[in-house]
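Worksheet for the structure shown next.
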Amino acid sequence: MHRLGLAARTATLTGREAGSEETVVHGVAAVCDPLGALYLPDAGVLVVSDLHLEKGAAFARRGMMLPPYDTIATLNILAAVIARYDPRTVISLGDNFHDRKGSAHLPDDLRSLIGAMARGRDWIWINGNHDPDGTTDLPGTSVDELLYGGLVFRHEPSLTVGKGEVAGHLHPSATVRRREKYVRRPCFATDGLRLLMPAFGVLAGGLDLNHKAMHGLFDRQALVAHLLGHDRIYSVRYANLLG
């Protein structure tokens, strides 16, 4: 939830003043924002992944009661990063909602908030494993994957076609040692050919880059983790991470 405070503190800032870090994915310039979004300045595209909207509501439907504030918190952070970059296009990389019922049951005030963010721009919902049927009564287009601006955007990373891929699903995170403490943070993970996005949803967890699900996805000699710190992005080479 620290990102809500960071969003408020950096609302009028851009670039390194906002704590962002630049990277390149398959020849395409990109900006890793500490709020958890990726911005492609040449194309005017903002990318987020794994919003898991209405996760609290999904758990409630199964009898597990969580505070029902995750969706509004996630959308407020999304609104802040959209205001920062004013993108022409927003791409959300799947698991936009936590289950198949999420978008259909979305309260009207939250539906209106998404509508306001989408007004005047293209909005692409990539289908995920949690929400394979797309969205209900929301602006934008739902697709399984998208080839755009020299990159391919999909939910689950491919083990066979990784060049130019921007994907989510695995919620990458990494651990570093700082001031005699071990700190584990969500991260953007890239070896320059593909990039995995951190989960944007405030209730989403993380999977360490050393997990077996990550094996074979990266050239680990070139792999860099861009960690979402409390104030900015911290970029750490894979060799310097803690396993």
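In the structure tokens, each chain is lettered A, B, ... as it comes, each chain's residues begin at 1, and ligands are numbered from 1 in order of appearance.
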Quick one: everything within 12 Å of segment 149-152 of chain A, counting only C-alpha atoms, minus sequence neighbours fewer than 3 positions away in the same chain. Send it as a short mmCIF file (atom, residue, chain, number, x, y, z; two decimals) with C-alpha atoms, in the first residue's frame.
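Writing done, so here's result06.cif:
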data_model
loop_
_atom_site.label_atom_id
_atom_site.label_comp_id
_atom_site.auth_asym_id
_atom_site.auth_seq_id
_atom_site.Cartn_x
_atom_site.Cartn_y
_atom_site.Cartn_z
CA VAL A 24 15.48 -1.11 -23.44
CA VAL A 25 13.44 -4.14 -24.53
CA HIS A 26 14.37 -5.61 -27.93
CA GLY A 27 15.47 -2.18 -29.14
CA VAL A 28 12.43 -0.32 -27.75
CA ALA A 29 13.03 2.37 -25.13
CA ALA A 30 10.99 1.93 -21.95
CA LEU A 40 6.99 3.32 -23.89
CA PRO A 41 7.62 6.99 -24.74
CA ASP A 42 8.02 6.61 -28.51
CA ALA A 43 4.63 4.92 -28.85
CA GLY A 44 2.86 6.74 -26.00
CA VAL A 45 1.92 3.36 -24.48
CA VAL A 47 1.58 -1.02 -19.72
CA THR A 89 -2.79 3.76 -25.26
CA ILE A 91 -2.39 -2.07 -22.23
CA LEU A 93 -1.60 -7.59 -19.48
CA ILE A 126 -5.21 -8.76 -22.56
CA ASP A 144 -5.47 -12.77 -26.17
CA GLU A 145 -2.25 -11.03 -27.23
CA LEU A 146 -1.18 -7.93 -29.11
CA HIS A 155 -0.25 -12.51 -20.26
CA GLU A 156 1.86 -15.65 -19.87
CA PRO A 157 5.47 -15.61 -21.07
CA SER A 158 6.37 -18.02 -23.87
CA VAL A 161 9.18 -17.04 -28.46
CA GLY A 162 10.70 -14.55 -26.06
CA LYS A 163 12.27 -11.85 -28.20
CA GLY A 164 10.37 -8.59 -27.86
CA GLU A 165 7.93 -10.06 -25.34
CA VAL A 166 6.34 -8.05 -22.53
CA ALA A 167 4.39 -10.36 -20.24
CA GLY A 168 2.96 -10.70 -16.76
CA LEU A 193 15.12 -9.24 -25.06
CA ARG A 194 11.98 -9.79 -22.96
CA LEU A 195 10.50 -8.11 -19.92
CA LEU A 196 8.28 -9.50 -17.18
#
Give me the residues within 10 Å of Leu78 of chain A as a tab-separated table (two decimals) with all heavy atoms, in the first residue's frame, counting only C-alpha atoms and dropping any in the same chain fewer than 3 places off.
chain	number	residue	atom	x	y	z
A	4	LEU	N	0.38	4.04	-2.71
A	4	LEU	CA	-0.60	5.13	-2.62
A	4	LEU	C	0.07	6.41	-2.15
A	4	LEU	O	-0.15	7.49	-2.69
A	4	LEU	CB	-1.74	4.75	-1.68
A	4	LEU	CG	-2.78	3.78	-2.23
A	4	LEU	CD1	-3.69	3.30	-1.12
A	4	LEU	CD2	-3.60	4.44	-3.33
A	7	ALA	N	2.42	7.66	-4.87
A	7	ALA	CA	1.67	8.30	-5.95
A	7	ALA	C	1.32	9.73	-5.58
A	7	ALA	O	1.42	10.64	-6.41
A	7	ALA	CB	0.40	7.49	-6.24
A	35	LEU	N	5.66	3.08	-9.52
A	35	LEU	CA	4.27	2.71	-9.19
A	35	LEU	C	3.91	1.36	-9.81
A	35	LEU	O	2.82	0.84	-9.55
A	35	LEU	CB	3.31	3.79	-9.66
A	35	LEU	CG	3.44	5.14	-8.96
A	35	LEU	CD1	2.40	6.13	-9.49
A	35	LEU	CD2	3.30	5.00	-7.45
A	36	GLY	N	4.80	0.78	-10.64
A	36	GLY	CA	4.58	-0.55	-11.17
A	36	GLY	C	4.14	-0.61	-12.61
A	36	GLY	O	3.74	-1.67	-13.09
A	37	ALA	N	4.22	0.50	-13.33
A	37	ALA	CA	3.82	0.56	-14.74
A	37	ALA	C	5.04	0.74	-15.62
A	37	ALA	O	6.08	1.29	-15.19
A	37	ALA	CB	2.84	1.70	-14.97
A	48	VAL	N	0.46	-2.02	-17.81
A	48	VAL	CA	0.34	-2.54	-16.45
A	48	VAL	C	-0.02	-4.01	-16.56
A	48	VAL	O	-0.44	-4.49	-17.61
A	48	VAL	CB	-0.71	-1.78	-15.62
A	48	VAL	CG1	-0.24	-0.35	-15.36
A	48	VAL	CG2	-2.07	-1.79	-16.31
A	51	LEU	N	-3.67	-6.63	-12.53
A	51	LEU	CA	-4.39	-5.74	-11.62
A	51	LEU	C	-5.14	-6.54	-10.55
A	51	LEU	O	-5.31	-6.07	-9.43
A	51	LEU	CB	-5.39	-4.88	-12.40
A	51	LEU	CG	-4.84	-3.98	-13.51
A	51	LEU	CD1	-6.00	-3.29	-14.24
A	51	LEU	CD2	-3.87	-2.96	-12.96
A	72	ILE	N	-10.32	-0.08	-5.31
A	72	ILE	CA	-10.22	1.38	-5.36
A	72	ILE	C	-8.77	1.81	-5.15
A	72	ILE	O	-8.29	2.76	-5.79
A	72	ILE	CB	-11.15	2.07	-4.33
A	72	ILE	CG1	-11.13	3.58	-4.51
A	72	ILE	CG2	-10.82	1.67	-2.92
A	72	ILE	CD1	-11.57	4.07	-5.86
A	73	ALA	N	-8.01	1.10	-4.30
A	73	ALA	CA	-6.60	1.44	-4.10
A	73	ALA	C	-5.81	1.22	-5.39
A	73	ALA	O	-5.02	2.08	-5.81
A	73	ALA	CB	-6.01	0.61	-2.97
A	74	THR	N	-6.01	0.07	-6.03
A	74	THR	CA	-5.32	-0.23	-7.28
A	74	THR	C	-5.68	0.79	-8.36
A	74	THR	O	-4.80	1.29	-9.09
A	74	THR	CB	-5.67	-1.65	-7.76
A	74	THR	OG1	-5.21	-2.59	-6.78
A	74	THR	CG2	-5.01	-1.95	-9.10
A	75	LEU	N	-6.96	1.13	-8.48
A	75	LEU	CA	-7.39	2.09	-9.50
A	75	LEU	C	-6.86	3.49	-9.22
A	75	LEU	O	-6.54	4.25	-10.15
A	75	LEU	CB	-8.91	2.10	-9.62
A	75	LEU	CG	-9.53	0.83	-10.21
A	75	LEU	CD1	-11.05	0.95	-10.26
A	75	LEU	CD2	-8.97	0.53	-11.61
A	81	VAL	N	-0.62	7.10	-12.27
A	81	VAL	CA	0.41	6.87	-13.28
A	81	VAL	C	-0.10	7.27	-14.67
A	81	VAL	O	0.69	7.73	-15.51
A	81	VAL	CB	0.90	5.40	-13.22
A	81	VAL	CG1	-0.06	4.43	-13.86
A	81	VAL	CG2	2.30	5.27	-13.80
A	82	ILE	N	-1.39	7.16	-14.91
A	82	ILE	CA	-1.95	7.65	-16.17
A	82	ILE	C	-1.85	9.17	-16.23
A	82	ILE	O	-1.50	9.75	-17.28
A	82	ILE	CB	-3.40	7.18	-16.35
A	82	ILE	CG1	-3.43	5.69	-16.69
A	82	ILE	CG2	-4.13	7.98	-17.43
A	82	ILE	CD1	-4.82	5.09	-16.77
A	83	ALA	N	-2.10	9.83	-15.13
A	83	ALA	CA	-1.98	11.29	-15.10
A	83	ALA	C	-0.53	11.72	-15.33
A	83	ALA	O	-0.27	12.75	-15.96
A	83	ALA	CB	-2.48	11.82	-13.75
A	84	ARG	N	0.41	10.93	-14.85
A	84	ARG	CA	1.83	11.27	-15.01
A	84	ARG	C	2.24	11.26	-16.48
A	84	ARG	O	2.93	12.16	-16.96
A	84	ARG	CB	2.71	10.29	-14.23
A	84	ARG	CG	4.14	10.77	-14.15
A	84	ARG	CD	5.16	9.74	-13.72
A	84	ARG	NE	4.86	8.88	-12.62
A	84	ARG	CZ	4.95	9.20	-11.32
A	84	ARG	NH1	5.25	10.43	-10.97
A	84	ARG	NH2	4.71	8.31	-10.39
A	114	ILE	N	-12.92	3.79	-14.17
A	114	ILE	CA	-12.19	3.22	-15.31
A	114	ILE	C	-12.57	3.94	-16.59
A	114	ILE	O	-11.73	4.25	-17.44
A	114	ILE	CB	-12.46	1.71	-15.43
A	114	ILE	CG1	-11.87	0.97	-14.22
A	114	ILE	CG2	-11.88	1.15	-16.73
A	114	ILE	CD1	-12.20	-0.51	-14.17
A	117	MET	N	-10.69	7.18	-16.85
A	117	MET	CA	-9.29	6.99	-17.21
A	117	MET	C	-9.12	6.64	-18.68
A	117	MET	O	-8.13	7.02	-19.32
A	117	MET	CB	-8.67	5.90	-16.33
A	117	MET	CG	-8.41	6.31	-14.91
A	117	MET	SD	-7.43	5.08	-14.01
A	117	MET	CE	-8.68	3.86	-13.60
A	200	PHE	N	0.50	-5.36	-10.58
A	200	PHE	CA	0.09	-4.00	-10.22
A	200	PHE	C	-0.92	-3.99	-9.08
A	200	PHE	O	-1.01	-3.02	-8.33
A	200	PHE	CB	-0.51	-3.31	-11.45
A	200	PHE	CG	-0.56	-1.81	-11.36
A	200	PHE	CD1	0.53	-1.05	-11.74
A	200	PHE	CD2	-1.70	-1.17	-10.91
A	200	PHE	CE1	0.49	0.35	-11.65
A	200	PHE	CE2	-1.76	0.22	-10.83
A	200	PHE	CZ	-0.66	0.98	-11.20
A	201	GLY	N	-1.71	-5.04	-8.94
A	201	GLY	CA	-2.74	-5.09	-7.91
A	201	GLY	C	-2.16	-5.05	-6.50
A	201	GLY	O	-1.15	-5.70	-6.22
Which of segment 8-131 of chain A end up as strand (DSSP E or B) when DSSP is run on this backbone - answer as a count of residues only? 28
Give me every helix (DSSP H, G or I) residue in segment 178-243 of chain A, going by DSSP on the backbone, as a list in words. Lys212, Ala213, Met214, Tyr238, Ala239 and Asn240 of chain A
Could the residues in this selection be written to a file with C-alpha atoms, as a short mmCIF file (atom, residue, chain, number, x, y, z; two decimals), in the first residue's frame?
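Written out: out.cif:
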data_model
loop_
_atom_site.label_atom_id
_atom_site.label_comp_id
_atom_site.auth_asym_id
_atom_site.auth_seq_id
_atom_site.Cartn_x
_atom_site.Cartn_y
_atom_site.Cartn_z
CA LYS A 212 11.64 -22.81 -11.13
CA ALA A 213 8.83 -21.12 -13.09
CA MET A 214 11.39 -18.50 -14.18
CA TYR A 238 20.86 -10.85 -11.24
CA ALA A 239 24.32 -11.86 -10.01
CA ASN A 240 23.96 -9.44 -7.09
#
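Nearest-residue note for Tyr148 of chain A: choosing from A:Leu227, A:Cys32, A:Ala204, A:Val90, the minimum distance belongs to A:Val90, counting only C-alpha atoms.
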Separation of atom CA of Leu207 of chain A from atom CA of His171 of chain A in Å: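 Atom CA of Leu207 of chain A lies at a distance of 5.6 Å from atom CA of His171 of chain A.
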One number please: atom CA of Lys181 of chain A to atom CA of Gly205 of chain A, in Å, one decimal.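 Computing the Euclidean distance for atom CA of Lys181 of chain A and atom CA of Gly205 of chain A yields 20.3 Å.
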Got a sec: who's within 6 Å of Leu228 of chain A, counting only C-alpha atoms, leaving out chain neighbours fewer than 4 positions off, as an mmCIF file with N, CA and C atoms, in the first residue's frame?
data_model
loop_
_atom_site.group_PDB
_atom_site.id
_atom_site.type_symbol
_atom_site.label_atom_id
_atom_site.label_comp_id
_atom_site.auth_asym_id
_atom_site.auth_seq_id
_atom_site.Cartn_x
_atom_site.Cartn_y
_atom_site.Cartn_z
ATOM 1 N N PRO A 34 8.161 3.499 -10.616
ATOM 2 C CA PRO A 34 8.087 2.866 -9.296
ATOM 3 C C PRO A 34 6.667 2.558 -8.830
ATOM 4 N N PRO A 186 8.733 -6.484 -5.342
ATOM 5 C CA PRO A 186 8.328 -6.757 -6.728
ATOM 6 C C PRO A 186 9.301 -6.071 -7.681
ATOM 7 N N CYS A 187 9.381 -6.586 -8.903
ATOM 8 C CA CYS A 187 10.338 -5.997 -9.837
ATOM 9 C C CYS A 187 9.905 -6.196 -11.285
ATOM 10 N N ILE A 233 12.874 3.335 -8.246
ATOM 11 C CA ILE A 233 13.311 2.055 -8.790
ATOM 12 C C ILE A 233 14.776 1.820 -8.413
#
Rounded to one decimal in Å, what is the spacing between atom CA of Gly120 of chain A and atom CA of Pro139 of chain A? 10.7 Å
With distances taken over only C-alpha atoms, which residue among A:Ile77, A:Phe218, A:Leu38, A:Leu241 lies nearest Thr10 of chain A?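 With only C-alpha atoms as the atom set, the closest residue is A:Ile77.
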With only C-alpha atoms as the counted atoms, please give the residues lying no more than 9 Å from Ala222 of chain A, apart from itself and same-chain residues fewer than 6 positions off, as a ChimeraX atom specification. /A:190-192,237-238
Using only C-alpha atoms, find each residue in segment 133-217 of chain A having at least one atom no more than 10 Å away from segment 105-112 of chain A; report its shortest atom-to-atom pair and that distance in Å (one decimal), rows by chain then rising number, as a tab-separated table.
residue	atom	partner	partner_atom	distance
A:Thr136	CA	A:His105	CA	8.9
A:Asp137	CA	A:Arg111	CA	8.4
A:Leu138	CA	A:Arg111	CA	7.0
A:Pro139	CA	A:Arg111	CA	9.3
Any chance you could export the current selection's all heavy atoms as a short mmCIF file (atom, residue, chain, number, x, y, z; two decimals), in the first residue's frame?
data_model
loop_
_atom_site.label_atom_id
_atom_site.label_comp_id
_atom_site.auth_asym_id
_atom_site.auth_seq_id
_atom_site.Cartn_x
_atom_site.Cartn_y
_atom_site.Cartn_z
N THR A 136 -16.63 -7.05 -19.03
CA THR A 136 -18.05 -6.81 -19.25
C THR A 136 -18.36 -5.33 -19.07
O THR A 136 -18.09 -4.76 -18.00
CB THR A 136 -18.91 -7.63 -18.27
OG1 THR A 136 -18.63 -9.02 -18.45
CG2 THR A 136 -20.40 -7.38 -18.50
N ASP A 137 -18.92 -4.70 -20.12
CA ASP A 137 -19.39 -3.31 -20.05
C ASP A 137 -18.30 -2.34 -19.57
O ASP A 137 -18.55 -1.46 -18.75
CB ASP A 137 -20.61 -3.21 -19.13
CG ASP A 137 -21.81 -3.96 -19.68
OD1 ASP A 137 -21.93 -4.06 -20.91
OD2 ASP A 137 -22.62 -4.46 -18.87
N LEU A 138 -17.10 -2.52 -20.09
CA LEU A 138 -16.01 -1.59 -19.82
C LEU A 138 -15.43 -1.11 -21.14
O LEU A 138 -15.49 -1.82 -22.15
CB LEU A 138 -14.91 -2.28 -19.00
CG LEU A 138 -15.22 -2.53 -17.53
CD1 LEU A 138 -14.13 -3.38 -16.89
CD2 LEU A 138 -15.38 -1.22 -16.76
N PRO A 139 -14.89 0.10 -21.18
CA PRO A 139 -14.32 0.60 -22.43
C PRO A 139 -13.10 -0.21 -22.83
O PRO A 139 -12.42 -0.81 -21.99
CB PRO A 139 -13.93 2.04 -22.08
CG PRO A 139 -13.77 2.05 -20.60
CD PRO A 139 -14.77 1.06 -20.07
#
Residues at most 7 Å from Gly94 of chain A, counting only C-alpha atoms, excluding those fewer than 5 positions away in the same chain, as a list in words? Ser49, Asp50, Trp125, Ile126, Asn127, Gly128 and His155 of chain A
Can you write just those residues out, N, CA, C and O atoms, as an mmCIF file, in the first residue's frame?
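File produced: part-v5.cif:
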data_model
loop_
_atom_site.group_PDB
_atom_site.id
_atom_site.type_symbol
_atom_site.label_atom_id
_atom_site.label_comp_id
_atom_site.auth_asym_id
_atom_site.auth_seq_id
_atom_site.Cartn_x
_atom_site.Cartn_y
_atom_site.Cartn_z
ATOM 1 N N SER A 49 0.113 -4.725 -15.461
ATOM 2 C CA SER A 49 -0.169 -6.153 -15.511
ATOM 3 C C SER A 49 -0.725 -6.647 -14.191
ATOM 4 O O SER A 49 -0.378 -6.129 -13.116
ATOM 5 N N ASP A 50 -1.587 -7.649 -14.278
ATOM 6 C CA ASP A 50 -2.076 -8.349 -13.094
ATOM 7 C C ASP A 50 -2.673 -7.390 -12.071
ATOM 8 O O ASP A 50 -2.256 -7.332 -10.917
ATOM 9 N N TRP A 125 -7.396 -4.665 -23.109
ATOM 10 C CA TRP A 125 -7.383 -5.661 -22.041
ATOM 11 C C TRP A 125 -6.858 -6.981 -22.623
ATOM 12 O O TRP A 125 -7.509 -7.582 -23.468
ATOM 13 N N ILE A 126 -5.691 -7.438 -22.184
ATOM 14 C CA ILE A 126 -5.214 -8.760 -22.559
ATOM 15 C C ILE A 126 -5.885 -9.776 -21.631
ATOM 16 O O ILE A 126 -5.951 -9.576 -20.412
ATOM 17 N N ASN A 127 -6.407 -10.850 -22.198
ATOM 18 C CA ASN A 127 -7.057 -11.867 -21.377
ATOM 19 C C ASN A 127 -6.016 -12.676 -20.600
ATOM 20 O O ASN A 127 -4.950 -13.012 -21.129
ATOM 21 N N GLY A 128 -6.334 -12.992 -19.349
ATOM 22 C CA GLY A 128 -5.432 -13.773 -18.509
ATOM 23 C C GLY A 128 -6.041 -15.096 -18.101
ATOM 24 O O GLY A 128 -7.171 -15.417 -18.467
ATOM 25 N N HIS A 155 -0.187 -12.294 -21.705
ATOM 26 C CA HIS A 155 -0.251 -12.513 -20.260
ATOM 27 C C HIS A 155 0.847 -13.453 -19.788
ATOM 28 O O HIS A 155 1.677 -13.084 -18.957
#
Within 7 Å of segment 96-104 of chain A: each segment 124-210 of chain A residue with its shortest pair, only C-alpha atoms, as a Markdown table:
| residue | atom | partner | partner_atom | distance |
| --- | --- | --- | --- | --- |
| A:His130 | CA | A:Asp99 | CA | 5.0 |
| A:Asp131 | CA | A:Arg100 | CA | 4.9 |
| A:Asp133 | CA | A:Arg100 | CA | 6.9 |
| A:Thr135 | CA | A:Ser103 | CA | 5.6 |
| A:Thr136 | CA | A:Ala104 | CA | 5.3 |
